[in-house]
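J.: Take a look at the following structure, please.
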Amino acid sequence: MFTEIQHGLSAWGSFDTWIVITAALAAMACALPGVFLVLRQQSMMGDALSHTVLPGIVLAFLMSYGLRNAEWISPSTQLATLPLFLFGGAVVLGVVSAMLTEFVQRLGHVESSAALGVVFTSLFAFGLLLIRLKADSVHIDPDCVLYGNVETVKLGVAGVPRATAMVGSLLVVNLTLVLLFYKELTISAFDPSLATTLGIRARIMHYALMATTAATLVAAFESVGSILVITMLVAPAATASLLTDRLPIRLLVTLAIAFITALVGHAMALTLPALVFSRLGFPEIKDASTAGMMAVVAGMLFILAMFFAPRHGMISKGLGQTRLAFRLACHDQLRALYQAERKTSLGATVEATAWTKTQGFILHYLATWSLILSQQIARTAKGHKLTSRGKRAIEQIITNVSDDTST
């Protein structure tokens with residue numbers, strides 16, 4: 001298996017490197033606004049924007065070609081200004097989508113998720129209809145728009161692909177915006193009411209985040225398409241949220257995950273299909289879409305974090321709950337021995353009671369940490385007594401519990 005993987009990667013060249021760089025920059029550019037969408041619990045808004053900006057892109061595309069066909073602008077000017085048209089159309093539709101969602105929510109008296117579903121499905125359907133009606137006349141490739149085509153990056157100025165320069169520039173812009181408005185974005189995400197009290201217009205920050213997200217989606221369309229871009233928008237940020245609670249660290253971890261997603265995704269796209277399908281009797285299948293495999297890797301990383309994250313992972317939580325239950329059981333055993341010794345000191349008779357295997361293990365653990373002493377080899381709790389260290393420990397526990405109860 002390792003030989004086949006090495007064989008699949010042996011043809012790696014500068015073209016593959018540019019594919020990874022382009023995909024990584026696109027993923028990181030999407031991941032930055034995704035951090036604040038996840039933080040604001042608006043991940044579905046990112047999903048909606050990845051669909052609703054589609055008609056904005058198509059309309060901007062048609063407007064650009066319409067101006068050229070009407071001879072208002074030259075073909076060279078049209079090609080040079082086309083990215084600006086696309087950005088403008090996406091930003092406008094991004095803000096309109098957010099406003100329409102709020103309007104439908106207020107007018108129809110429905111929850112936000114229902115309003116969001118109505119808006120983004122309607123606008124996305126309208127965008128697909130425009131593509132189907134105008135694809136032949138303006139050469140819009142539906143597959144490229146929906147699924148992306150990062151494998152066809154072409155070298156541009158100074159040997160740098162145009163798509164790479166576009167998503168790289170947008171990544172710089174997004175980083176600059178996050179650094180400049182970090183406080184405003186953070187406070188608006190955690191507590192919009194507090195942000196308004198402090199003079200920060202939370203509503204404007206919301207629309208600005210939607211506009212930035214929409215512009216980012218446009219730049220990523222050429223790399224990962226409108227369908228898979230939602231993975232790059234949400235998955236790295238969601239994975240990082242399981243790994244750390246500190247927002248600055250989360251931003252760095254999100255960028256790292258986005259880069260790893262692109263690198264491993266392209267490597268798996270070159271090697272995994274041939275490795276799997278050759279054993280299933282389909283040797284003609286040699287590779288797969290890089291964008292699609294990036295989504296697979298992003299999902300795999302999220303699943304790993306969901307199970308093995310240090311604090312929020314399912315396994316870590318299970319171990320933490322087990323440790324807590326065992327600690328409480330040790331406290332209960334110490335308290336029982338403490339109460340038995342107090343009764344004995346007052347002249348009361350304490351009967352020897354047999355313990356279970358679990359209680360025996362707890363007593364052995366307490367003896368290991370010098371909290372109790374074993375006086376005799378007997379399978380009863382009466383055969384043990386607290387050490388001075390054990391007495392101090394249980395008295396401190398009882399005092400803390402009493403303080404918490406009185407409070």
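By convention in this document, the chains of the structure tokens carry letters A, B, ... by their order, each chain's residues are numbered from 1, and ligands are numbered from 1 in the order they are shown.
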As number ranges by chain, please: every residue in region 28-199 of chain A that DSSP puts in alpha helix (DSSP H).
T.: A: 28-39, 43-69, 75-108, 112-138, 142-147, 162-180, 182-190, 192-197
J.: Leaving out Gly88 (chain A) and any residue of its chain fewer than 3 positions from it, which residues lie within 10 Å of it when counting only C-alpha atoms, given as a CSV table (one decimal) with N, CA and C atoms, in the first residue's frame?
T.:
chain,number,residue,atom,x,y,z
A,56,GLY,N,-26.2,36.6,-7.7
A,56,GLY,CA,-25.4,37.8,-7.8
A,56,GLY,C,-24.2,37.7,-8.8
A,57,ILE,N,-23.5,36.5,-8.7
A,57,ILE,CA,-22.4,36.3,-9.6
A,57,ILE,C,-22.8,36.2,-11.0
A,60,ALA,N,-23.9,39.6,-12.3
A,60,ALA,CA,-22.7,40.4,-12.6
A,60,ALA,C,-22.0,40.0,-13.8
A,82,LEU,N,-13.8,42.0,-14.9
A,82,LEU,CA,-14.8,41.0,-14.5
A,82,LEU,C,-14.7,40.6,-13.0
A,83,PRO,N,-13.5,40.4,-12.5
A,83,PRO,CA,-13.5,40.1,-11.0
A,83,PRO,C,-14.2,41.1,-10.1
A,84,LEU,N,-14.0,42.4,-10.5
A,84,LEU,CA,-14.7,43.5,-9.7
A,84,LEU,C,-16.2,43.3,-9.8
A,85,PHE,N,-16.7,43.0,-11.0
A,85,PHE,CA,-18.1,42.8,-11.2
A,85,PHE,C,-18.6,41.7,-10.3
A,91,VAL,N,-21.2,40.7,-3.1
A,91,VAL,CA,-21.4,41.5,-1.9
A,91,VAL,C,-22.8,42.0,-1.7
A,92,VAL,N,-23.3,42.5,-2.9
A,92,VAL,CA,-24.7,43.0,-2.8
A,92,VAL,C,-25.7,41.9,-2.5
A,93,LEU,N,-25.6,40.8,-3.1
A,93,LEU,CA,-26.5,39.7,-2.8
A,93,LEU,C,-26.3,39.1,-1.4
A,94,GLY,N,-25.0,39.2,-0.9
A,94,GLY,CA,-24.8,38.8,0.5
A,94,GLY,C,-25.5,39.6,1.5
A,211,ALA,N,-21.0,40.6,4.1
A,211,ALA,CA,-20.4,41.1,2.9
A,211,ALA,C,-19.0,40.5,2.7
A,214,ALA,N,-19.4,36.9,1.7
A,214,ALA,CA,-19.8,36.8,0.3
A,214,ALA,C,-18.7,37.0,-0.7
A,215,ALA,N,-17.9,38.1,-0.4
A,215,ALA,CA,-16.7,38.3,-1.2
A,215,ALA,C,-15.7,37.2,-1.2
A,218,VAL,N,-16.8,34.3,-3.4
A,218,VAL,CA,-16.6,34.5,-4.8
A,218,VAL,C,-15.2,34.1,-5.2
J.: Calculate how many Å separate CA of Thr387 (chain A) from CA of Ala325 (chain A), rounding to one decimal.
T.: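 Distance between the two atoms: 23.0 Å.
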J.: Separation of CA of Ile249 (chain A) and CA of Leu179 (chain A), in Å?
T.: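 Answer for the CA of Ile249 (chain A) to CA of Leu179 (chain A) separation: 13.7 Å.
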J.: Grab the CA of Ala274 (chain A) to CA of Val297 (chain A) distance for me, in Å with one decimal place.
T.: 17.0 Å
J.: Which residues come within 12 Å of Ser50 (chain A), counting only C-alpha atoms, excluding same-chain residues fewer than 5 positions away, as JSON, numbers by chain?
T.: {"A": [30, 34, 43, 44, 45, 55, 56, 57, 90, 91, 93, 94, 97, 120, 121, 123, 124, 127, 145, 146, 147, 210, 211, 213, 214, 215, 216, 217, 218, 219, 220, 221, 224, 225, 226, 227, 228, 229, 230, 231, 232, 233, 234]}
J.: Distance table requested - region 70-123 of chain A against region 192-208 of chain A, cut-off 9 Å, only C-alpha atoms: one row per qualifying residue with the closest atom pair and its distance in Å to one decimal, ordered by chain and rising residue number, as JSON lines.
T.:
{"residue": "A:Gly94", "atom": "CA", "partner": "A:Tyr207", "partner_atom": "CA", "distance": 8.4}
{"residue": "A:Val95", "atom": "CA", "partner": "A:Tyr207", "partner_atom": "CA", "distance": 6.0}
{"residue": "A:Ala98", "atom": "CA", "partner": "A:Tyr207", "partner_atom": "CA", "distance": 7.2}
{"residue": "A:Met99", "atom": "CA", "partner": "A:Tyr207", "partner_atom": "CA", "distance": 8.5}
J.: For region 75-81 of chain A, list every protein, DNA or RNA residue within 12 Å, evaluated using only C-alpha atoms, and leave out those in the same chain fewer than 2 positions away; present the list as number ranges by chain.
T.: A: 60-73, 83-88, 162
J.: Need to verify the contact set: region 360-375 of chain A, 8 Å, only C-alpha atoms, exclusion of same-chain residues closer than 5 positions in sequence. Can you return it as number ranges by chain?
T.: A: 329-330, 333, 355, 383-391
